[in-house]
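Asker: What follows is a structure written as structure tokens; I'll ask about it next.
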Amino acid sequence: MNIQIDNKDFNLLIEYDQIKKRTRLIGIQLNVDYDNRVPVFIGVLNGSFLFLADLIKEVTISSEVTFVKVSSYEGEKNSGKIKLELGLQMDLKDRDVIIVEDIVDTGATLRFLIDKISEQHPSSVAVCTLLLKPKMLKEAIKEITYVGFEIPDEFVVGYGLDYNGLGRNLKDIYRAEYVPSET
Ligand code: 5GP
């Protein structure tokens with residue numbers, strides 16, 4: 001299925017049904033891995049809000065949820081600057097932290113966040129990301145433990161992810177149609 005957002009063409013990449021199934025499996029794994037612990041899920045706004053909402057419903061162990069907000073892409077280009085716009089609202093000392101991301105691309109945002117969180121001396125830090133672009137990762141990040149889907153290096157939108165602020169409400173995930181450059 002093809003759609004248009006802000007005059008740009010996108011086509012279907014991952015259906016919500018697949019996302020739901022994968023999320024259920026990750027939830028089961030988290031329940032096993034964090035049995036007898038009370039982890040803190042830290043959702044990275046804005047993109048992770050739908051994924052975190054679905055994921056947390058699959059988590060049956062006792063847990064807490066909080067959010068951070070970092071500056072991210074403008075349009076399709078990374079602005080290069082990472083800023084904490086909404087800081088950590090909780091004391092994370094001796095806590096088991098699970099960072100919940102929508103997508104890991106170069107890994108720069110995640111590196112920045114892991115370093116910030118580590119300053120508070122948590123017991124453990126793990127990352128759960130819905131999407132990962134393995135080819136784009138600039139360095140291996142050992143904290144990435146739970147991955148929904150590995151995707152090619154293409155710009156995606158939907159299920160929380162935006163294009164120019166639009167498309168976060170789409171249930172499925174779409175990829176930008178390739179447009180050959182004119183030069
Ligand atoms: P990184 O720092 O890993 O390069 O980028 C992470 C952030 O960039 C994500 O949290 C997301 O906000 C944004 N991003 C990276 N790739 C995409 C993409 O394909 N689509 C959208 N909508 N955002 C992306």
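We label chains A, B, ... in the order they appear in the structure tokens, count residues from 1 in each chain, and number ligands from 1 in the order shown.
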Run DSSP on the backbone and tell me which residues of chain A come out as alpha helix (DSSP H); list them as a ChimeraX atom specification.
Answerer: /A:16-33,49-56,108-118
Asker: Neighbours of stretch 51-65 of chain A within 8 Å (only C-alpha atoms; same-chain residues fewer than 4 positions away dropped), as a ChimeraX atom specification?
Answerer: /A:20,23-24,26-28,30-31,34-43,100,102,130,159-160
Asker: At a cut-off of 6 Å and counting only C-alpha atoms and all ligand atoms, what residues surround ligand 1? Please answer as a PDB file with C-alpha atoms, in the first residue's frame.
Answerer:
```pdb
ATOM      1  CA  GLY A  47       8.762   8.505  18.700  1.00  0.00           C
ATOM      2  CA  SER A  72      16.084  14.452  16.956  1.00  0.00           C
ATOM      3  CA  TYR A  73      15.926  14.568  13.186  1.00  0.00           C
ATOM      4  CA  ASP A 102      11.445   3.762  18.456  1.00  0.00           C
ATOM      5  CA  ILE A 103      14.485   3.485  16.219  1.00  0.00           C
ATOM      6  CA  VAL A 104      18.256   3.323  16.476  1.00  0.00           C
ATOM      7  CA  ASP A 105      19.996   4.724  13.428  1.00  0.00           C
ATOM      8  CA  THR A 106      23.594   5.936  13.959  1.00  0.00           C
ATOM      9  CA  GLY A 107      23.287   5.229  17.677  1.00  0.00           C
ATOM     10  CA  ALA A 108      24.350   8.790  18.589  1.00  0.00           C
ATOM     11  CA  THR A 109      21.136   9.550  20.507  1.00  0.00           C
ATOM     12  CA  GLU A 154      15.711   3.769   4.657  1.00  0.00           C
ATOM     13  CA  PHE A 155      13.664   6.569   6.165  1.00  0.00           C
ATOM     14  CA  VAL A 156      10.575   5.193   7.887  1.00  0.00           C
ATOM     15  CA  VAL A 157       7.398   6.716   9.228  1.00  0.00           C
ATOM     16  CA  LEU A 161       7.687   7.897  13.884  1.00  0.00           C
ATOM     17  CA  ASP A 162       7.157  11.149  11.986  1.00  0.00           C
ATOM     18  CA  TYR A 163       7.996  12.838   8.739  1.00  0.00           C
TER      19      TYR A 163
END
```
Asker: Calculate how many Å separate atom CA of A:Phe112 from atom CA of A:Asn46, rounding to one decimal.
Answerer: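 Between atom CA of A:Phe112 and atom CA of A:Asn46 the gap works out to 16.4 Å.
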Asker: Find, counting only C-alpha atoms, the residue in A:Arg111, A:Val147, A:Glu15, A:Asp153 that gets nearest to A:Lys171.
Answerer: A:Glu15
Asker: Interatomic distance between atom CA of A:Gly165 and atom CA of A:Leu131?
Answerer: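 Atom CA of A:Gly165 sits 18.7 Å away from atom CA of A:Leu131.
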Asker: Considering only C-alpha atoms, can you say which of A:Ile141, A:Glu101, A:Leu25, A:Gln4 comes closest to A:Phe49?
Answerer: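 Of A:Ile141, A:Glu101, A:Leu25, A:Gln4, the one nearest A:Phe49 is A:Glu101, counting only C-alpha atoms.
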Asker: Pick out the residues sitting within 7 Å of A:Leu88, and hand them over as a ChimeraX atom specification; count only C-alpha atoms, and ignore anything fewer than 2 positions along from it in its own chain.
Answerer: /A:68,86,90
Asker: Can those selected residues be exported to a file as a PDB file, in the first residue's frame so that it contains all heavy atoms?
Answerer:
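Written out: part31.pdb:
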```pdb
ATOM      1  N   VAL A  68      11.912  10.568  28.727  1.00  0.00           N
ATOM      2  CA  VAL A  68      12.848  11.661  28.445  1.00  0.00           C
ATOM      3  C   VAL A  68      12.541  12.145  27.040  1.00  0.00           C
ATOM      4  O   VAL A  68      11.925  11.422  26.246  1.00  0.00           O
ATOM      5  CB  VAL A  68      14.341  11.234  28.502  1.00  0.00           C
ATOM      6  CG1 VAL A  68      14.788  10.960  29.909  1.00  0.00           C
ATOM      7  CG2 VAL A  68      14.628  10.065  27.575  1.00  0.00           C
ATOM      8  N   LEU A  86      13.662  17.208  27.799  1.00  0.00           N
ATOM      9  CA  LEU A  86      12.949  16.867  29.040  1.00  0.00           C
ATOM     10  C   LEU A  86      13.863  15.890  29.753  1.00  0.00           C
ATOM     11  O   LEU A  86      14.119  14.790  29.269  1.00  0.00           O
ATOM     12  CB  LEU A  86      11.589  16.225  28.723  1.00  0.00           C
ATOM     13  CG  LEU A  86      10.842  15.614  29.898  1.00  0.00           C
ATOM     14  CD1 LEU A  86      10.379  16.679  30.872  1.00  0.00           C
ATOM     15  CD2 LEU A  86       9.635  14.817  29.417  1.00  0.00           C
ATOM     16  N   MET A  90      13.489  10.908  37.460  1.00  0.00           N
ATOM     17  CA  MET A  90      13.540   9.934  38.563  1.00  0.00           C
ATOM     18  C   MET A  90      14.970   9.702  39.004  1.00  0.00           C
ATOM     19  O   MET A  90      15.891   9.847  38.211  1.00  0.00           O
ATOM     20  CB  MET A  90      13.016   8.580  38.050  1.00  0.00           C
ATOM     21  CG  MET A  90      11.536   8.432  38.139  1.00  0.00           C
ATOM     22  SD  MET A  90      11.085   6.810  37.515  1.00  0.00           S
ATOM     23  CE  MET A  90      11.698   5.762  38.821  1.00  0.00           C
TER      24      MET A  90
END
```
